[in-house]
Amino acid sequence: MSKEYAHKVPAAKEAAVADIVEKLKNSKSVVIASYSGLTVAQVTELRAKCRAEDAHYCVLKNRLVKRALDEVGITGMDDLLNGPNAFIFGMKDEVSAPKIVSDFIEKNKLECLKITGGIVEGAAADAKAVSALAKMPSREELLATMVGCLVSPVSALVAVLDEIAEKKQEVA
């Protein structure tokens, strides 16, 4: 009986590592946050916000994450994989996961939830880099700004041409 159990555990761990590897490959960014002291209600609220923004919040064993990172080839994360950590995988863009966590910390004035680091573009990032990423505008905000910049001169030109046409009609 113990032999059967011994074979099931490694298979389960391998499956868990494979799942983490898949998430690492498919995510645009990953936030690692120390969450000790969060209430169940706060974790539930944060998970809901993550789901709404196409991000995955999960608590994983640090040893399994380390194995997955080794498989993917990401180094320099050993210091961060201590204690209770939550991993937020941003699937939509690089900014969404850091922004969700950072906004949640600010909104609830939490000291028990801290961004300790993360992964951006397949490389390890420290807490400062992840926090700086959270302050950047999202892809949609940048696109809206760019469209506004492109439309503004065109609409100004249309207004000037309308004025000229009106003046010509008044003169005629």
# chains A, B, ... in the order shown; residues from 1 in each chain; ligands from 1
>>> select_by_dssp(residues="segment 37-161 of chain A", states="strand (DSSP E or B)", output="list in words")
Ala55, His56, Tyr57, Cys58, Val59, Asn85, Ala86, Phe87, Ile88, Phe89, Gly90, Lys114, Ile115, Thr116, Gly117, Gly118, Ile119, Val120, Ala123, Ala124, Ala125 and Asp126 of chain A
>>> write_last_selection(atoms="N, CA and C atoms", output="mmCIF file, in the first residue's frame")
data_model
loop_
_atom_site.group_PDB
_atom_site.id
_atom_site.type_symbol
_atom_site.label_atom_id
_atom_site.label_comp_id
_atom_site.auth_asym_id
_atom_site.auth_seq_id
_atom_site.Cartn_x
_atom_site.Cartn_y
_atom_site.Cartn_z
ATOM 1 N N ALA A 55 -6.802 37.552 -14.668
ATOM 2 C CA ALA A 55 -5.599 37.203 -13.912
ATOM 3 C C ALA A 55 -5.952 36.031 -12.999
ATOM 4 N N HIS A 56 -4.963 35.216 -12.709
ATOM 5 C CA HIS A 56 -5.189 34.044 -11.870
ATOM 6 C C HIS A 56 -4.466 34.233 -10.540
ATOM 7 N N TYR A 57 -5.220 34.223 -9.450
ATOM 8 C CA TYR A 57 -4.662 34.321 -8.095
ATOM 9 C C TYR A 57 -4.606 32.914 -7.539
ATOM 10 N N CYS A 58 -3.438 32.492 -7.082
ATOM 11 C CA CYS A 58 -3.364 31.182 -6.444
ATOM 12 C C CYS A 58 -2.222 31.151 -5.439
ATOM 13 N N VAL A 59 -2.392 30.293 -4.466
ATOM 14 C CA VAL A 59 -1.365 30.052 -3.466
ATOM 15 C C VAL A 59 -0.735 28.720 -3.838
ATOM 16 N N ASN A 85 3.254 32.758 0.146
ATOM 17 C CA ASN A 85 3.214 33.625 -1.028
ATOM 18 C C ASN A 85 1.982 33.337 -1.866
ATOM 19 N N ALA A 86 1.430 34.406 -2.408
ATOM 20 C CA ALA A 86 0.357 34.293 -3.399
ATOM 21 C C ALA A 86 0.983 34.659 -4.735
ATOM 22 N N PHE A 87 0.549 33.983 -5.777
ATOM 23 C CA PHE A 87 1.059 34.229 -7.120
ATOM 24 C C PHE A 87 -0.105 34.699 -7.979
ATOM 25 N N ILE A 88 0.065 35.864 -8.586
ATOM 26 C CA ILE A 88 -0.981 36.426 -9.435
ATOM 27 C C ILE A 88 -0.441 36.446 -10.860
ATOM 28 N N PHE A 89 -1.023 35.615 -11.715
ATOM 29 C CA PHE A 89 -0.588 35.483 -13.101
ATOM 30 C C PHE A 89 -1.445 36.402 -13.965
ATOM 31 N N GLY A 90 -0.829 37.419 -14.560
ATOM 32 C CA GLY A 90 -1.538 38.345 -15.447
ATOM 33 C C GLY A 90 -1.528 37.816 -16.864
ATOM 34 N N LYS A 114 1.914 42.403 0.716
ATOM 35 C CA LYS A 114 3.052 43.144 0.169
ATOM 36 C C LYS A 114 3.530 42.483 -1.116
ATOM 37 N N ILE A 115 3.789 43.314 -2.094
ATOM 38 C CA ILE A 115 4.398 42.815 -3.323
ATOM 39 C C ILE A 115 5.881 42.594 -3.015
ATOM 40 N N THR A 116 6.338 41.349 -3.214
ATOM 41 C CA THR A 116 7.741 41.044 -2.913
ATOM 42 C C THR A 116 8.587 40.933 -4.177
ATOM 43 N N GLY A 117 7.935 40.791 -5.323
ATOM 44 C CA GLY A 117 8.654 40.687 -6.583
ATOM 45 C C GLY A 117 7.749 40.132 -7.656
ATOM 46 N N GLY A 118 8.362 39.651 -8.727
ATOM 47 C CA GLY A 118 7.549 39.080 -9.789
ATOM 48 C C GLY A 118 8.370 38.688 -10.996
ATOM 49 N N ILE A 119 7.663 38.423 -12.062
ATOM 50 C CA ILE A 119 8.283 38.036 -13.329
ATOM 51 C C ILE A 119 7.640 38.895 -14.417
ATOM 52 N N VAL A 120 8.490 39.558 -15.190
ATOM 53 C CA VAL A 120 8.011 40.383 -16.297
ATOM 54 C C VAL A 120 8.837 40.023 -17.528
ATOM 55 N N ALA A 123 11.585 37.361 -17.076
ATOM 56 C CA ALA A 123 12.744 37.625 -16.222
ATOM 57 C C ALA A 123 12.285 38.040 -14.829
ATOM 58 N N ALA A 124 13.115 37.738 -13.845
ATOM 59 C CA ALA A 124 12.803 38.100 -12.464
ATOM 60 C C ALA A 124 12.802 39.615 -12.313
ATOM 61 N N ALA A 125 11.880 40.105 -11.496
ATOM 62 C CA ALA A 125 11.779 41.545 -11.225
ATOM 63 C C ALA A 125 11.632 41.738 -9.723
ATOM 64 N N ASP A 126 12.268 42.780 -9.206
ATOM 65 C CA ASP A 126 12.143 43.038 -7.768
ATOM 66 C C ASP A 126 10.853 43.801 -7.475
#
>>> atom_distance(atom1="atom CA of Glu53 of chain A", atom2="atom CA of Lys66 of chain A")
25.9 Å
>>> closest_atom_pairs(of="segment 23-90 of chain A", to="segment 94-110 of chain A", cutoff="12 Å", atoms="only C-alpha atoms", output="tab-separated table")
residue	atom	partner	partner_atom	distance
A:Asn26	CA	A:Glu94	CA	11.6
A:Ser27	CA	A:Glu94	CA	8.3
A:Lys28	CA	A:Glu94	CA	5.0
A:Ser29	CA	A:Glu94	CA	4.9
A:Val30	CA	A:Ala97	CA	6.8
A:Val31	CA	A:Pro98	CA	6.1
A:Ile32	CA	A:Pro98	CA	9.3
A:Ala33	CA	A:Val101	CA	8.3
A:Ser34	CA	A:Val101	CA	11.1
A:Tyr35	CA	A:Leu110	CA	10.0
A:Ser36	CA	A:Leu110	CA	11.0
A:Gly37	CA	A:Leu110	CA	9.5
A:Leu38	CA	A:Leu110	CA	8.6
A:Thr39	CA	A:Leu110	CA	11.0
A:Ala41	CA	A:Asn108	CA	11.9
A:Gln42	CA	A:Asn108	CA	8.9
A:Val43	CA	A:Phe104	CA	10.4
A:Thr44	CA	A:Phe104	CA	11.9
A:Glu45	CA	A:Phe104	CA	9.1
A:Leu46	CA	A:Phe104	CA	7.1
A:Arg47	CA	A:Ile100	CA	9.9
A:Ala48	CA	A:Ile100	CA	10.5
A:Lys49	CA	A:Ile100	CA	7.1
A:Cys50	CA	A:Ile100	CA	6.8
A:Arg51	CA	A:Ile100	CA	10.3
A:Ala52	CA	A:Ile100	CA	10.0
A:Glu53	CA	A:Ser96	CA	7.0
A:Asp54	CA	A:Ser96	CA	8.4
A:Ala55	CA	A:Ala97	CA	6.3
A:His56	CA	A:Ala97	CA	8.6
A:Tyr57	CA	A:Ala97	CA	9.2
A:Ala86	CA	A:Val101	CA	10.6
A:Phe87	CA	A:Ala97	CA	9.7
A:Ile88	CA	A:Ala97	CA	6.2
A:Phe89	CA	A:Ala97	CA	6.5
A:Gly90	CA	A:Ala97	CA	4.6
>>> write_last_selection(atoms="C-alpha atoms", output="PDB file, in the first residue's frame")
ATOM      1  CA  ASN A  26       1.101  31.827 -20.904  1.00  0.00           C
ATOM      2  CA  SER A  27       1.225  34.785 -18.522  1.00  0.00           C
ATOM      3  CA  LYS A  28       2.456  38.244 -19.464  1.00  0.00           C
ATOM      4  CA  SER A  29       3.499  38.993 -15.881  1.00  0.00           C
ATOM      5  CA  VAL A  30       3.501  37.334 -12.476  1.00  0.00           C
ATOM      6  CA  VAL A  31       3.261  39.111  -9.137  1.00  0.00           C
ATOM      7  CA  ILE A  32       4.553  37.418  -6.016  1.00  0.00           C
ATOM      8  CA  ALA A  33       2.916  38.792  -2.885  1.00  0.00           C
ATOM      9  CA  SER A  34       3.309  37.976   0.782  1.00  0.00           C
ATOM     10  CA  TYR A  35      -0.229  37.612   2.064  1.00  0.00           C
ATOM     11  CA  SER A  36       0.007  36.561   5.710  1.00  0.00           C
ATOM     12  CA  GLY A  37      -2.670  38.300   7.753  1.00  0.00           C
ATOM     13  CA  LEU A  38      -5.292  38.689   5.012  1.00  0.00           C
ATOM     14  CA  THR A  39      -8.813  37.732   5.991  1.00  0.00           C
ATOM     15  CA  ALA A  41     -13.125  38.032   2.828  1.00  0.00           C
ATOM     16  CA  GLN A  42     -10.154  40.056   1.564  1.00  0.00           C
ATOM     17  CA  VAL A  43      -8.696  37.068  -0.302  1.00  0.00           C
ATOM     18  CA  THR A  44     -12.106  36.372  -1.845  1.00  0.00           C
ATOM     19  CA  GLU A  45     -12.424  40.002  -2.970  1.00  0.00           C
ATOM     20  CA  LEU A  46      -8.910  39.982  -4.448  1.00  0.00           C
ATOM     21  CA  ARG A  47      -9.615  36.715  -6.296  1.00  0.00           C
ATOM     22  CA  ALA A  48     -12.803  38.239  -7.754  1.00  0.00           C
ATOM     23  CA  LYS A  49     -10.896  41.315  -8.957  1.00  0.00           C
ATOM     24  CA  CYS A  50      -8.274  39.065 -10.523  1.00  0.00           C
ATOM     25  CA  ARG A  51     -10.903  36.988 -12.316  1.00  0.00           C
ATOM     26  CA  ALA A  52     -12.534  40.142 -13.691  1.00  0.00           C
ATOM     27  CA  GLU A  53      -9.203  41.253 -15.189  1.00  0.00           C
ATOM     28  CA  ASP A  54      -8.186  37.850 -16.618  1.00  0.00           C
ATOM     29  CA  ALA A  55      -5.599  37.203 -13.912  1.00  0.00           C
ATOM     30  CA  HIS A  56      -5.189  34.044 -11.870  1.00  0.00           C
ATOM     31  CA  TYR A  57      -4.662  34.321  -8.095  1.00  0.00           C
ATOM     32  CA  ALA A  86       0.357  34.293  -3.399  1.00  0.00           C
ATOM     33  CA  PHE A  87       1.059  34.229  -7.120  1.00  0.00           C
ATOM     34  CA  ILE A  88      -0.981  36.426  -9.435  1.00  0.00           C
ATOM     35  CA  PHE A  89      -0.588  35.483 -13.101  1.00  0.00           C
ATOM     36  CA  GLY A  90      -1.538  38.345 -15.447  1.00  0.00           C
TER      37      GLY A  90
END
>>> select_by_dssp(residues="segment 46-149 of chain A", states="helix (DSSP H, G or I)", output="MDAnalysis selection string")
chainID A and resid 46:52 62:72 78:80 96:108 127:135 139:149
>>> closest_residue(among="A:Met77, A:Leu113, A:Leu150, A:Gly122", to="Val21 of chain A", atoms="only C-alpha atoms")
A:Gly122
>>> atom_distance(atom1="atom CA of Met91 of chain A", atom2="atom CA of Met136 of chain A")
16.7 Å
>>> atom_distance(atom1="atom CA of Ser131 of chain A", atom2="atom CA of Ala144 of chain A")
22.9 Å
